[in-house]
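> Can you read through this structure? Questions will come right after.
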Amino acid sequence: ANTTLTMDDDEFESGPTGINTDGDDIPEDDDGSQDEDEDDEDDNNTTVQDGDQAGDDADADADVQSSSLIVHSTPTLASLSDPERIHTVREIGYEAFWNLSSSKPGNGVTQLRDESSDTYWQSDGPQPHLINIHFSRRKAVCEVAFYLDFNLDESYTPKRIGIKAGITHHDLEEVKVVDLHEPVGWVSVPLFAELDPLDDDVDDIDGGNNGEGNGDDENEASANAAKRRKPLRTFLLQICVLSMHQNGRDVHVRQVKIFGPRTTAGEASEIRASSGGTVTSHTLGMPRFQTV
C-alpha cells in the first residue's frame, strides 16, 4: 500500500540554504552573502518601535530639543567666501590631529579633509559617531562648519550634532547641541566661551544702566555683547553625531572645517595687501589638500 507522509506547517521551519520554501532559488554571492552595499543601505534603517517605546523616545527627544539650537544650511560658507570674514578668521584644522570613532575603508579622515564635497566620511560602528580633533596646545576656536547633503545621503545625514570641548577625553564638557533639517550645503556652528562674571567686559554688556533703559539701548548692548564674546579655547574638540535622519544608523559627513580668530591685527592687513583684495586658500597659507 502507498503511504503518504504529511508535515505540519509548524514543523517545516526553513528550506535548504539558498532555496526558499517555494522552491525558488535565492541568488547568492560567492561567499553566500548578499551584496555589501545593499546590506549597508538596509542596515542603516532601523525597525519601527512599538507605541510605548516610541512615546518614551519622543519625550527624550523633547527634553534634548529644549536645550538645542536649530541651524539651517547655506550654499556657501562665509568664512571661506566673504572677504571681510576671511580677514578675521582662519582655518586651523590642519594644525590638529584627527581621529574617528569608526570608519569604512576608504571613507575616513582623508575624505573628510580633502576639500571635496564629492567624498565623505562614513562611520561603521555604534552611535554616537565621534570626530576627535586634538591640538598640541590650547587653541582659540570660534566656528565649526560641516558640509552635508541630504539629497545624496538621505538616512546617512546627521540630524542632531553635539560639540564638546576639554583638555582630555575625561573632562569633556558639552558646548552646544544643534538640530538640522535635511541640510544641503554648509552648516556653521559658532563657538564662544562662557562670559566670566568677574570680567570687566560683562559690566559693559548692560550698557552701564543695570538693566534699565529703552529698547535701543538694549539692542546696542546686545550687539556690543556679541562683539565682545571670546572664542572657545581648548586642547580637544569632539564632534558627536547623535542621530541621523530617518532613524539612520551610520553617518556621512562630507567636509569639516575648524576656524579660529587671527592672532594679530596685522595679519589681515598683510593678507589684504599681498592679495590685492583677492583672497584664496593659498593666500591664507592653507593647503588645498590636507591629509592627517
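Simple scheme: letters A, B, ... for chains in C-alpha cells order, numbers from 1 for residues in each chain, numbers from 1 for ligands in the order shown.
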What lies within 10 Å of Pro190 of chain A using only C-alpha atoms, ignoring chain neighbours under 3 positions off, as a tab-separated table (two decimals) with all heavy atoms, in the first residue's frame?

```
chain	number	residue	atom	x	y	z
A	141	VAL	N	39.04	78.63	19.24
A	141	VAL	CA	38.14	78.13	18.19
A	141	VAL	C	36.87	78.95	18.22
A	141	VAL	O	36.23	79.08	19.28
A	141	VAL	CB	37.81	76.64	18.39
A	141	VAL	CG1	36.89	76.15	17.27
A	141	VAL	CG2	39.08	75.80	18.44
A	142	CYS	N	36.49	79.53	17.09
A	142	CYS	CA	35.29	80.37	17.05
A	142	CYS	C	34.20	79.81	16.14
A	142	CYS	O	33.08	80.32	16.16
A	142	CYS	CB	35.65	81.79	16.60
A	142	CYS	SG	36.37	81.91	14.95
A	143	GLU	N	34.50	78.76	15.37
A	143	GLU	CA	33.48	78.23	14.46
A	143	GLU	C	33.84	76.82	14.02
A	143	GLU	O	35.01	76.51	13.79
A	143	GLU	CB	33.35	79.13	13.23
A	143	GLU	CG	32.33	78.67	12.21
A	143	GLU	CD	32.34	79.51	10.95
A	143	GLU	OE1	33.24	80.39	10.82
A	143	GLU	OE2	31.48	79.29	10.08
A	144	VAL	N	32.82	75.97	13.94
A	144	VAL	CA	32.93	74.65	13.33
A	144	VAL	C	31.92	74.60	12.20
A	144	VAL	O	30.75	74.98	12.38
A	144	VAL	CB	32.66	73.52	14.34
A	144	VAL	CG1	32.74	72.16	13.65
A	144	VAL	CG2	33.64	73.58	15.49
A	145	ALA	N	32.34	74.14	11.03
A	145	ALA	CA	31.45	74.10	9.87
A	145	ALA	C	31.45	72.71	9.26
A	145	ALA	O	32.50	72.05	9.18
A	145	ALA	CB	31.85	75.14	8.82
A	176	LYS	N	27.69	72.85	22.84
A	176	LYS	CA	26.49	73.20	22.06
A	176	LYS	C	25.90	71.94	21.43
A	176	LYS	O	26.62	71.00	21.11
A	176	LYS	CB	26.84	74.22	20.97
A	176	LYS	CG	25.65	74.79	20.23
A	176	LYS	CD	26.06	75.99	19.38
A	176	LYS	CE	26.41	77.18	20.24
A	176	LYS	NZ	26.64	78.41	19.44
A	231	PRO	N	36.32	83.69	21.84
A	231	PRO	CA	36.28	82.34	21.27
A	231	PRO	C	36.60	81.29	22.31
A	231	PRO	O	37.25	81.56	23.32
A	231	PRO	CB	37.35	82.38	20.17
A	231	PRO	CG	38.27	83.48	20.60
A	231	PRO	CD	37.42	84.49	21.29
A	232	LEU	N	36.13	80.10	22.06
A	232	LEU	CA	36.40	78.96	22.94
A	232	LEU	C	37.86	78.56	22.83
A	232	LEU	O	38.40	78.45	21.73
A	232	LEU	CB	35.49	77.80	22.53
A	232	LEU	CG	35.63	76.50	23.32
A	232	LEU	CD1	35.06	76.69	24.72
A	232	LEU	CD2	34.87	75.39	22.60
A	259	PHE	N	37.58	76.84	12.49
A	259	PHE	CA	38.07	78.20	12.32
A	259	PHE	C	38.43	78.82	13.67
A	259	PHE	O	37.75	78.60	14.67
A	259	PHE	CB	37.02	79.08	11.62
A	259	PHE	CG	36.75	78.68	10.20
A	259	PHE	CD1	35.70	77.84	9.90
A	259	PHE	CD2	37.55	79.14	9.17
A	259	PHE	CE1	35.43	77.46	8.58
A	259	PHE	CE2	37.30	78.77	7.85
A	259	PHE	CZ	36.25	77.92	7.56
```
> What is the atom CA of Phe192 of chain A-atom CA of Leu172 of chain A distance in Å, reported with one decimal?
15.5 Å
> Show me, as JSON, numbers by chain, the residues that have an atom within 12 Å of Gln238 of chain A when counting only C-alpha atoms, minus same-chain residues fewer than 3 positions from it.
{"A": [97, 98, 99, 100, 101, 128, 129, 130, 131, 132, 133, 134, 135, 144, 161, 162, 163, 164, 165, 166, 167, 168, 169, 170, 171, 172, 173, 174, 175, 176, 177, 234, 235, 241, 258]}
> With N, CA, C and O atoms kept, could you save the residues just selected as a CSV table (one decimal), in the first residue's frame?

```csv
chain,number,residue,atom,x,y,z
A,97,PHE,N,45.5,67.0,15.1
A,97,PHE,CA,45.5,65.5,14.8
A,97,PHE,C,44.0,65.1,14.9
A,97,PHE,O,43.3,65.3,15.9
A,98,TRP,N,43.5,64.4,13.9
A,98,TRP,CA,42.1,64.0,13.8
A,98,TRP,C,42.0,62.4,13.9
A,98,TRP,O,42.9,61.7,13.3
A,99,ASN,N,41.1,62.0,14.6
A,99,ASN,CA,40.7,60.6,14.6
A,99,ASN,C,39.2,60.4,14.7
A,99,ASN,O,38.5,61.3,15.2
A,100,LEU,N,38.7,59.2,14.3
A,100,LEU,CA,37.3,58.9,14.2
A,100,LEU,C,37.0,57.7,15.1
A,100,LEU,O,37.8,56.8,15.3
A,101,SER,N,35.7,57.7,15.6
A,101,SER,CA,35.3,56.5,16.4
A,101,SER,C,35.2,55.3,15.5
A,101,SER,O,35.5,54.2,16.0
A,128,PRO,N,27.0,57.1,19.7
A,128,PRO,CA,27.2,58.2,18.8
A,128,PRO,C,28.5,58.1,18.0
A,128,PRO,O,29.4,57.4,18.4
A,129,HIS,N,28.5,58.7,16.8
A,129,HIS,CA,29.7,58.7,16.0
A,129,HIS,C,30.5,59.9,16.3
A,129,HIS,O,30.0,61.0,16.4
A,130,LEU,N,31.8,59.7,16.5
A,130,LEU,CA,32.7,60.8,17.0
A,130,LEU,C,33.8,61.2,16.1
A,130,LEU,O,34.4,60.4,15.4
A,131,ILE,N,34.0,62.5,16.1
A,131,ILE,CA,35.2,63.1,15.4
A,131,ILE,C,36.0,63.8,16.5
A,131,ILE,O,35.5,64.7,17.1
A,132,ASN,N,37.2,63.3,16.8
A,132,ASN,CA,38.1,63.9,17.8
A,132,ASN,C,39.1,64.7,17.1
A,132,ASN,O,39.9,64.3,16.3
A,133,ILE,N,39.3,66.0,17.6
A,133,ILE,CA,40.2,66.9,17.0
A,133,ILE,C,41.2,67.4,18.1
A,133,ILE,O,40.8,68.1,19.0
A,134,HIS,N,42.4,66.9,18.1
A,134,HIS,CA,43.4,67.2,19.1
A,134,HIS,C,44.4,68.3,18.7
A,134,HIS,O,45.0,68.2,17.6
A,135,PHE,N,44.5,69.3,19.5
A,135,PHE,CA,45.5,70.3,19.2
A,135,PHE,C,46.7,70.1,20.2
A,135,PHE,O,46.5,69.7,21.3
A,144,VAL,N,32.8,76.0,13.9
A,144,VAL,CA,32.9,74.7,13.3
A,144,VAL,C,31.9,74.6,12.2
A,144,VAL,O,30.8,75.0,12.4
A,161,ILE,N,23.7,67.1,16.2
A,161,ILE,CA,25.1,67.1,16.4
A,161,ILE,C,25.4,67.8,17.7
A,161,ILE,O,24.9,68.9,18.0
A,162,GLY,N,26.2,67.2,18.5
A,162,GLY,CA,26.7,67.9,19.8
A,162,GLY,C,28.2,68.2,19.7
A,162,GLY,O,28.9,67.4,19.0
A,163,ILE,N,28.6,69.2,20.3
A,163,ILE,CA,30.0,69.6,20.3
A,163,ILE,C,30.5,69.7,21.8
A,163,ILE,O,29.9,70.4,22.6
A,164,LYS,N,31.6,69.0,22.1
A,164,LYS,CA,32.2,69.1,23.4
A,164,LYS,C,33.6,69.6,23.3
A,164,LYS,O,34.3,69.5,22.3
A,165,ALA,N,34.1,70.1,24.4
A,165,ALA,CA,35.5,70.6,24.5
A,165,ALA,C,36.1,70.3,25.9
A,165,ALA,O,35.4,70.2,26.9
A,166,GLY,N,37.4,70.2,25.9
A,166,GLY,CA,38.1,69.9,27.1
A,166,GLY,C,39.6,69.8,26.9
A,166,GLY,O,40.1,70.0,25.8
A,167,ILE,N,40.3,69.3,28.0
A,167,ILE,CA,41.7,69.1,27.9
A,167,ILE,C,42.0,67.7,27.4
A,167,ILE,O,42.8,67.4,26.5
A,168,THR,N,41.2,66.7,28.0
A,168,THR,CA,41.3,65.3,27.6
A,168,THR,C,39.9,64.7,27.4
A,168,THR,O,38.9,65.4,27.7
A,169,HIS,N,39.9,63.5,27.1
A,169,HIS,CA,38.6,62.8,27.0
A,169,HIS,C,37.8,62.7,28.3
A,169,HIS,O,36.6,62.5,28.3
A,170,HIS,N,38.6,62.8,29.4
A,170,HIS,CA,38.0,62.6,30.7
A,170,HIS,C,37.3,63.8,31.3
A,170,HIS,O,36.5,63.7,32.2
A,171,ASP,N,37.5,65.0,30.7
A,171,ASP,CA,36.9,66.2,31.3
A,171,ASP,C,36.2,67.0,30.2
A,171,ASP,O,36.0,68.2,30.3
A,172,LEU,N,35.7,66.3,29.2
A,172,LEU,CA,34.9,67.0,28.1
A,172,LEU,C,33.6,67.6,28.7
A,172,LEU,O,32.9,66.9,29.4
A,173,GLU,N,33.3,68.8,28.2
A,173,GLU,CA,32.0,69.4,28.6
A,173,GLU,C,31.3,69.8,27.3
A,173,GLU,O,31.9,70.2,26.4
A,174,GLU,N,30.0,69.6,27.4
A,174,GLU,CA,29.1,69.9,26.2
A,174,GLU,C,29.1,71.4,26.0
A,174,GLU,O,28.8,72.2,27.0
A,175,VAL,N,29.4,71.9,24.8
A,175,VAL,CA,29.4,73.3,24.5
A,175,VAL,C,28.1,73.7,23.8
A,175,VAL,O,27.5,74.7,24.1
A,176,LYS,N,27.7,72.9,22.8
A,176,LYS,CA,26.5,73.2,22.1
A,176,LYS,C,25.9,71.9,21.4
A,176,LYS,O,26.6,71.0,21.1
A,177,VAL,N,24.6,71.9,21.3
A,177,VAL,CA,23.8,70.9,20.6
A,177,VAL,C,23.0,71.6,19.5
A,177,VAL,O,22.3,72.5,19.8
A,234,THR,N,40.6,75.6,23.7
A,234,THR,CA,40.5,74.1,24.1
A,234,THR,C,41.7,73.4,23.5
A,234,THR,O,42.3,73.8,22.5
A,235,PHE,N,42.0,72.3,24.1
A,235,PHE,CA,43.0,71.3,23.6
A,235,PHE,C,42.3,70.3,22.7
A,235,PHE,O,42.9,69.8,21.7
A,241,VAL,N,28.0,63.0,16.5
A,241,VAL,CA,26.8,62.8,15.7
A,241,VAL,C,25.8,62.0,16.5
A,241,VAL,O,26.0,60.7,16.6
A,258,ILE,N,37.4,73.8,10.8
A,258,ILE,CA,37.6,74.4,12.1
A,258,ILE,C,38.2,75.8,11.9
A,258,ILE,O,39.3,75.9,11.3
```
> Hey, which of A:Ala78, A:Ala96, A:Ala140, A:Leu148 ends up closest to His245 of chain A? Count only C-alpha atoms.
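Once distances to His245 of chain A are computed over only C-alpha atoms, the minimum belongs to A:Leu148.
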> Which value, in Å to one decimal, gives the distance between atom CA of Gly125 of chain A and atom CA of Leu191 of chain A?
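Interatomic distance here is 27.8 Å.
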> Report the distance between atom CA of Ala193 of chain A and atom CA of Phe146 of chain A in Å, rounded to one decimal place.
20.4 Å
> Please list as a PyMOL selection string every residue within 12 Å of Pro183 of chain A, counting only C-alpha atoms and excluding residues in the same chain fewer than 2 positions away.
chain A and resi 70-75+146-160+179-181+185-188+244-245+253-254
> Write the residues of the selection above to a file with C-alpha atoms, as an mmCIF file, in the first residue's frame.

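In the end it all went to selection_4.cif:
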```cif
data_model
loop_
_atom_site.group_PDB
_atom_site.id
_atom_site.type_symbol
_atom_site.label_atom_id
_atom_site.label_comp_id
_atom_site.auth_asym_id
_atom_site.auth_seq_id
_atom_site.Cartn_x
_atom_site.Cartn_y
_atom_site.Cartn_z
ATOM 1 C CA ILE A 70 18.112 74.668 15.103
ATOM 2 C CA VAL A 71 20.684 75.531 12.413
ATOM 3 C CA HIS A 72 19.979 75.914 8.689
ATOM 4 C CA SER A 73 22.382 75.148 5.859
ATOM 5 C CA THR A 74 23.685 77.648 3.292
ATOM 6 C CA PRO A 75 25.134 77.076 -0.209
ATOM 7 C CA PHE A 146 30.106 70.939 8.202
ATOM 8 C CA TYR A 147 29.247 70.215 4.595
ATOM 9 C CA LEU A 148 26.223 67.885 4.410
ATOM 10 C CA ASP A 149 23.951 66.793 1.556
ATOM 11 C CA PHE A 150 20.601 65.243 2.400
ATOM 12 C CA ASN A 151 19.695 64.854 -1.284
ATOM 13 C CA LEU A 152 22.589 62.416 -1.770
ATOM 14 C CA ASP A 153 22.941 60.843 1.667
ATOM 15 C CA GLU A 154 19.319 60.668 2.921
ATOM 16 C CA SER A 155 19.291 58.453 6.051
ATOM 17 C CA TYR A 156 23.055 58.894 6.461
ATOM 18 C CA THR A 157 22.601 62.650 7.021
ATOM 19 C CA PRO A 158 23.113 63.902 10.608
ATOM 20 C CA LYS A 159 20.007 65.198 12.353
ATOM 21 C CA ARG A 160 21.470 66.182 15.726
ATOM 22 C CA ASP A 179 19.399 70.194 15.249
ATOM 23 C CA LEU A 180 19.372 70.008 11.455
ATOM 24 C CA HIS A 181 16.529 69.557 8.983
ATOM 25 C CA GLY A 185 25.295 72.774 1.929
ATOM 26 C CA TRP A 186 27.336 74.294 4.732
ATOM 27 C CA VAL A 187 26.192 74.247 8.346
ATOM 28 C CA SER A 188 28.041 76.766 10.524
ATOM 29 C CA MET A 244 20.517 60.668 11.738
ATOM 30 C CA HIS A 245 17.546 61.497 9.546
ATOM 31 C CA VAL A 253 29.882 63.859 6.641
ATOM 32 C CA ARG A 254 31.452 65.367 3.532
#
```
> Within 6 Å of segment 107-112 of chain A, counting only C-alpha atoms, which residues qualify if same-chain residues fewer than 4 places away don't, as a list in words?
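That gives Ser103, Thr119, Tyr120, Trp121, Gln122, Arg254, Gln255 and Thr291 of chain A.
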> Please produce a file of those selected residues containing N, CA, C and O atoms, as a compact mmCIF listing (two decimals), in the first residue's frame.

```txt
# COMPACT_ATOMS: atom_id res chain seq x y z
N SER A 103 35.15 53.99 10.91
CA SER A 103 35.05 54.41 9.51
C SER A 103 35.09 53.20 8.61
O SER A 103 35.70 52.18 8.94
N THR A 119 33.43 63.50 -1.78
CA THR A 119 33.86 62.40 -0.92
C THR A 119 33.30 62.63 0.48
O THR A 119 32.84 63.73 0.81
N TYR A 120 33.37 61.59 1.32
CA TYR A 120 32.76 61.73 2.65
C TYR A 120 33.33 60.69 3.61
O TYR A 120 33.89 59.68 3.20
N TRP A 121 33.18 61.01 4.89
CA TRP A 121 33.45 60.03 5.95
C TRP A 121 32.19 59.21 6.17
O TRP A 121 31.11 59.76 6.30
N GLN A 122 32.33 57.90 6.21
CA GLN A 122 31.21 57.02 6.55
C GLN A 122 31.59 56.21 7.79
O GLN A 122 32.61 55.53 7.81
N ARG A 254 30.63 65.15 4.71
CA ARG A 254 31.45 65.37 3.53
C ARG A 254 32.64 66.30 3.78
O ARG A 254 33.67 66.14 3.13
N GLN A 255 32.51 67.25 4.66
CA GLN A 255 33.62 68.14 4.99
C GLN A 255 33.42 68.68 6.40
O GLN A 255 32.29 68.88 6.85
N THR A 291 45.93 65.86 4.43
CA THR A 291 45.77 64.51 4.94
C THR A 291 46.39 64.42 6.32
O THR A 291 47.54 64.79 6.50
```
> DSSP on the backbone, then: every residue of segment 61-135 of chain A marked strand (DSSP E), written as an MDAnalysis selection string.
chainID A and resid 69:70 89:91 96:100 121:122 129:135
> Could you tell me which of A:Lys104, A:Arg249, A:Arg138, A:Lys257 comes closest to Leu77 of chain A if we count only C-alpha atoms?
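Of A:Lys104, A:Arg249, A:Arg138, A:Lys257, the one nearest Leu77 of chain A is A:Lys257, counting only C-alpha atoms.
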> Nearest to Ser243 of chain A: which of A:Pro126, A:Val189, A:Lys230, A:Glu194 is it, counting only C-alpha atoms?
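Residue with the minimum atom-to-atom distance to Ser243 of chain A: A:Pro126.
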